[in-house]
Amino acid sequence: MQDTLAHLKRGERGIITDVSSPNIPLKLLEMGCLPGNLVELLQVAPFQDPMYLNINGSHLAIRKETASLILIEKVAHE
Amino acid sequence: MSKQINVALIGNPNTGKTSVFNALTGLNQKVGNYPGITVEKKEGICKLARGVKAHIIDLPGTYSLNASSLDENVVIELLLNKNDKDFPDIAVVVTDVENLKRNLLLFTQIKDLEIPTVLVINMADRMSYKGISLDIDYLEKKLNTKIALISTRKNEGIDTLKQLISNYKEVSVTPCIDTTQIDTEYFGNLKKAFPNQLLYKLWLVITQDVNFGKTDRNEIDAVANFKTKSKGDLKRLQQKETIKRYQFINNALDKGQTVDLSQAKDLRIKLDRILTHKVWGYAIFGIILLTIFQAIYDWSSIPMDFIDSAFASFSEWTKNMLPQGAFTNLLAEGIIPGLGGIVIFIPQIAFLFLFIAVLEESGYMSRVVFLMDRIMRRFGLSGKSVVPLISGTACAIPAIMATRNIESWKERLITILVTPFTTCSARLPVYLIIIALVIPEGRILGLSYQALTLMLLYLIGFGTAILSAYILNKILKIKSKTFFVIEMPNYKLPLFKNVALTVIEKTKSFIFGAGKIILAISIILWFLASYGPGEQFNNAEDIVKTEYASENLSFEALQQKIASHKLEHSFIGIAGHAIEPTIRPLGYDWKIGIAIVSSFAAREVFVGTLATIYSVGSDEEETIKNRMAGEVNPILGGPLFTFASGISLLLFYAFAMQCMSTLAIVKKETNSWKWPILQLVIMTAFAYIVALIAFQFLK
């Protein structure tokens, strides 16, 4: 099964591969959540929700249910 | 030529747009509402060179022209309506140098509307700190615009911006993106159907509900081809459009911006590690709340005591200096105490707005949203409900307006419905005076009992809000999706000027808004208390004299008896007695009854009303508090304000829905009378029951 943003652990990074789910708000795409962009999980609230991310240089927080719609490919930490 | 240049300030939230606005206009600004809606409209005048003036509108912050809230809609409505009197001659897009890439998205959209657009890159003072360097000439060429590099913190670059505004006619209107490129087939057809229209403008009209030029919209609806596109198809196109825009931006920034990460120092990471920590984050939030309440109660008591006694002496002075008569009495017993009832709360309200402004400006508020979202969701609220609930401690009206950025309608409705339970600044006067009367002085762990009681009342307010949210969440059957996205802005030291302007603006609007009502009610009450029908009132002097003829009363004591006899048989006394049976079980007398009834216009009227009622007929110079402490319970004897009746009154005010303006705002925001009426009935009934139980239990 493919990884989603919700699978990231704190400090891990990934490359966004797909955001075509209709339940991803347009606003999120406009803030830089687009295929090919790098995303890093900076911090999580208790119960891993919401998730505080750095997407393409933008710092934002989204709920886990939205995060689980965004497909990614994990990137090994340098 | 006296024409002003119309300037629209546009930008993402957290870009320091308001700082730029403040720097341009200084104190030459006013805050109003857009007609018909409650979105705040900030406008101001900026003097440019050679006597030319610019009329500047600070539009609500938005991430894009694809509006997802009422506030954002204001921006697009204005930019699409060429006939609007505020339609900009020039758009100034404000961006934050640290988030240039994302901020530029909005810039490209506005430019594609073919409006002359200049770019402000704000917070330039942070560039070296972040290792960012910009090639302005290159960027100007690539983005086809003029750029002003600004630091509002250091007051640099504002003159450059003024210059750019003066020369608005020279600004390029070339679009950034060729809209047809997004989807050649779809946009090609659209272009054929409407050869005279701007393609991007049409696209915006198709994808969202804007009311501009109704004819245009009807025409578009008429063309079956464009209707057949499903929502999903439209969204796919929007996604394509966004990608195209980022390609354009990346292309410009690739060479125009260099970031040397080795130079970047990031305080954000360190601060976030603590402030959003699973334990420390909540602990710090708790401490901040505690500090706020301590400040509101303790620190502001000094100016408040001063104001209280100053008004008492002023009223006394007026009485002695002016010739006796109805007018002097109105002034000394109606208007001055009424005004005092407003002025006295300035210190506290200013403190509260100060804290809220600092929390917002510093970027901390977003961290609170992040920390609280999961917890709040359990109660059917959103993390974003925290902001309304905290602003609700200032006033429920802006708080209810602040719910607009909650994406889910159900979460938003619940937030609107429960926000009036939070302790607004109008309840504060009531709480403070009653706490001072019935809670003993003394301290525990450096916190006074009185401050702790106040804190407890705030907690009760929050607690009730959250519990009712939980119940509403179970009852309301509304399906809605959550689209929770929140930006976590960088931490900033709040700018003194911004904070000061917010505090002044909000305090002013409280004083003038609430003040008018309080003053009017004070005057009406004075009349009602000073005149009465029938024998009992008109012949009060004779009646009292006969009654006490046998007792050898001093002149003062006799006058006192006459005055209270008069008050009891005045119009207000009669009304008060009429409602007394309903409120006696709560421990109140008819005077408190009057104060409660008049409080339904606005809660803060309570103290002013009591001040007016008690000062009618009283000769001595006394503060409101002393007069209330001296009141005697007509039935039980002993002081009227006891621990039991005081607590009962506190709880009544904590829960009752006594604010016309809030009801009006709820009607506006929910677009139905159902919700405000339910609020009024349920909250007030609940307040009555709780106050009843409290008094009967404690007495």
# chains A, B, ... in the order shown; residues from 1 in each chain; ligands from 1
>>> residues_around(residues="A:Gly36", least_positions_apart="6", cutoff="7 Å", atoms="only C-alpha atoms", output="PyMOL selection string")
chain A and resi 15-17
>>> interface_residues(of="chain A", to="chain B", cutoff="9 Å", atoms="only C-alpha atoms", output="VMD selection string")
chain A and resid 20 22 to 32 34 to 35 42 to 47 49 to 53 56 to 63 65 to 66
>>> write_last_selection(atoms="N, CA and C atoms", output="CSV table (one decimal), in the first residue's frame")
chain,number,residue,atom,x,y,z
A,20,SER,N,-5.0,13.9,-5.8
A,20,SER,CA,-6.2,14.0,-6.6
A,20,SER,C,-7.5,13.7,-5.9
A,22,PRO,N,-10.8,14.2,-4.1
A,22,PRO,CA,-11.7,15.4,-4.1
A,22,PRO,C,-11.8,16.0,-2.7
A,23,ASN,N,-11.5,15.3,-1.7
A,23,ASN,CA,-11.7,15.8,-0.3
A,23,ASN,C,-10.5,16.6,0.2
A,24,ILE,N,-9.5,16.8,-0.7
A,24,ILE,CA,-8.4,17.7,-0.3
A,24,ILE,C,-8.8,19.1,-0.6
A,25,PRO,N,-8.8,20.0,0.3
A,25,PRO,CA,-9.2,21.4,0.0
A,25,PRO,C,-8.3,22.1,-1.0
A,26,LEU,N,-8.9,22.9,-1.8
A,26,LEU,CA,-8.1,23.7,-2.8
A,26,LEU,C,-7.1,24.5,-2.1
A,27,LYS,N,-7.5,25.1,-1.0
A,27,LYS,CA,-6.6,26.0,-0.3
A,27,LYS,C,-5.2,25.3,0.1
A,28,LEU,N,-5.3,24.0,0.4
A,28,LEU,CA,-4.1,23.3,0.7
A,28,LEU,C,-3.2,23.2,-0.5
A,29,LEU,N,-3.8,22.9,-1.6
A,29,LEU,CA,-3.0,22.9,-2.9
A,29,LEU,C,-2.4,24.2,-3.1
A,30,GLU,N,-3.2,25.3,-2.9
A,30,GLU,CA,-2.6,26.6,-3.2
A,30,GLU,C,-1.5,27.0,-2.2
A,31,MET,N,-1.5,26.4,-1.1
A,31,MET,CA,-0.4,26.7,-0.1
A,31,MET,C,0.8,25.9,-0.5
A,32,GLY,N,0.8,25.1,-1.5
A,32,GLY,CA,2.0,24.4,-2.0
A,32,GLY,C,2.0,22.9,-1.9
A,34,LEU,N,1.5,20.2,-3.5
A,34,LEU,CA,1.4,19.8,-4.9
A,34,LEU,C,2.4,18.7,-5.2
A,35,PRO,N,2.1,17.8,-6.2
A,35,PRO,CA,3.0,16.7,-6.5
A,35,PRO,C,4.4,17.2,-6.8
A,42,LEU,N,6.9,18.2,11.2
A,42,LEU,CA,7.7,18.9,12.2
A,42,LEU,C,7.3,18.6,13.6
A,43,GLN,N,6.0,18.4,13.8
A,43,GLN,CA,5.5,18.2,15.1
A,43,GLN,C,4.1,17.6,15.0
A,44,VAL,N,3.7,16.8,16.0
A,44,VAL,CA,2.3,16.3,16.1
A,44,VAL,C,1.7,16.7,17.4
A,45,ALA,N,0.4,16.9,17.4
A,45,ALA,CA,-0.3,17.1,18.7
A,45,ALA,C,-0.5,15.7,19.3
A,46,PRO,N,-1.0,15.7,20.5
A,46,PRO,CA,-1.3,14.3,21.1
A,46,PRO,C,-2.3,13.6,20.2
A,47,PHE,N,-2.1,12.3,20.1
A,47,PHE,CA,-2.9,11.4,19.2
A,47,PHE,C,-2.5,11.6,17.7
A,49,ASP,N,-2.5,14.1,15.9
A,49,ASP,CA,-3.5,14.9,15.2
A,49,ASP,C,-3.8,16.2,15.9
A,50,PRO,N,-3.7,17.3,15.3
A,50,PRO,CA,-3.3,17.6,13.9
A,50,PRO,C,-1.8,17.4,13.7
A,51,MET,N,-1.4,17.5,12.4
A,51,MET,CA,0.0,17.4,12.1
A,51,MET,C,0.5,18.7,11.6
A,52,TYR,N,1.7,19.1,12.1
A,52,TYR,CA,2.3,20.3,11.8
A,52,TYR,C,3.4,20.1,10.8
A,53,LEU,N,3.2,20.6,9.6
A,53,LEU,CA,4.1,20.3,8.5
A,53,LEU,C,4.8,21.4,7.9
A,56,ASN,N,6.9,22.5,1.2
A,56,ASN,CA,7.4,23.4,0.2
A,56,ASN,C,7.7,24.7,0.8
A,57,GLY,N,8.2,24.7,2.1
A,57,GLY,CA,8.6,26.0,2.7
A,57,GLY,C,7.4,26.7,3.4
A,58,SER,N,6.2,26.2,3.3
A,58,SER,CA,5.1,26.7,4.0
A,58,SER,C,4.9,25.9,5.3
A,59,HIS,N,4.7,26.6,6.4
A,59,HIS,CA,4.4,25.9,7.6
A,59,HIS,C,2.9,25.9,7.9
A,60,LEU,N,2.4,24.7,7.9
A,60,LEU,CA,0.9,24.6,8.2
A,60,LEU,C,0.6,23.3,9.0
A,61,ALA,N,-0.6,23.4,9.5
A,61,ALA,CA,-1.1,22.2,10.3
A,61,ALA,C,-2.4,21.7,9.6
A,62,ILE,N,-2.5,20.4,9.5
A,62,ILE,CA,-3.8,19.8,8.9
A,62,ILE,C,-4.2,18.6,9.8
A,63,ARG,N,-5.4,18.2,9.7
A,63,ARG,CA,-5.9,17.1,10.4
A,63,ARG,C,-5.4,15.8,9.8
A,65,GLU,N,-7.0,13.1,9.1
A,65,GLU,CA,-7.9,12.6,8.0
A,65,GLU,C,-7.6,13.2,6.7
A,66,THR,N,-7.2,14.5,6.7
A,66,THR,CA,-6.8,15.1,5.4
A,66,THR,C,-5.4,14.6,5.0
>>> residues_around(residues="B:Lys154", least_positions_apart="6", cutoff="10 Å", atoms="only C-alpha atoms", output="ChimeraX atom specification")
/B:123-125
>>> select_by_dssp(residues="stretch 16-64 of chain A", states="alpha helix (DSSP H)", output="PyMOL selection string")
chain A and resi 26-30+64
>>> residues_around(residues="A:Leu5", least_positions_apart="6", cutoff="8 Å", atoms="only C-alpha atoms", output="JSON, numbers by chain")
{"A": [14, 67, 68, 69, 70, 71, 72]}
>>> residues_around(residues="stretch 253-259 of chain B", least_positions_apart="3", cutoff="8 Å", atoms="only C-alpha atoms", output="VMD selection string")
chain B and resid 101 130 to 136 138 to 139 249 to 250
>>> atom_distance(atom1="atom CA of B:Val93", atom2="atom CA of B:Val503")
25.9 Å
>>> closest_residue(among="B:Leu519, B:Leu428, B:Met628, B:Ala402", to="B:Phe345", atoms="only C-alpha atoms")
B:Leu428
>>> closest_residue(among="B:Pro337, B:Ala193, B:Ala436, B:Ala357", to="B:Ser301", atoms="only C-alpha atoms")
B:Ala436
>>> residues_around(residues="B:Leu359", least_positions_apart="2", cutoff="12 Å", atoms="only C-alpha atoms", output="VMD selection string")
chain B and resid 285 288 to 289 292 352 to 357 361 to 369 387 390 to 391 491 to 495 499
>>> closest_residue(among="B:Phe527, B:Tyr168, B:Phe652, B:Tyr129", to="B:Ile583", atoms="only C-alpha atoms")
B:Phe652
>>> select_by_dssp(residues="stretch 368-576 of chain B", states="strand (DSSP E)", output="list in words")
Arg443, Ile444, Leu447, Ser448, Val485, Ile486 and Glu487 of chain B
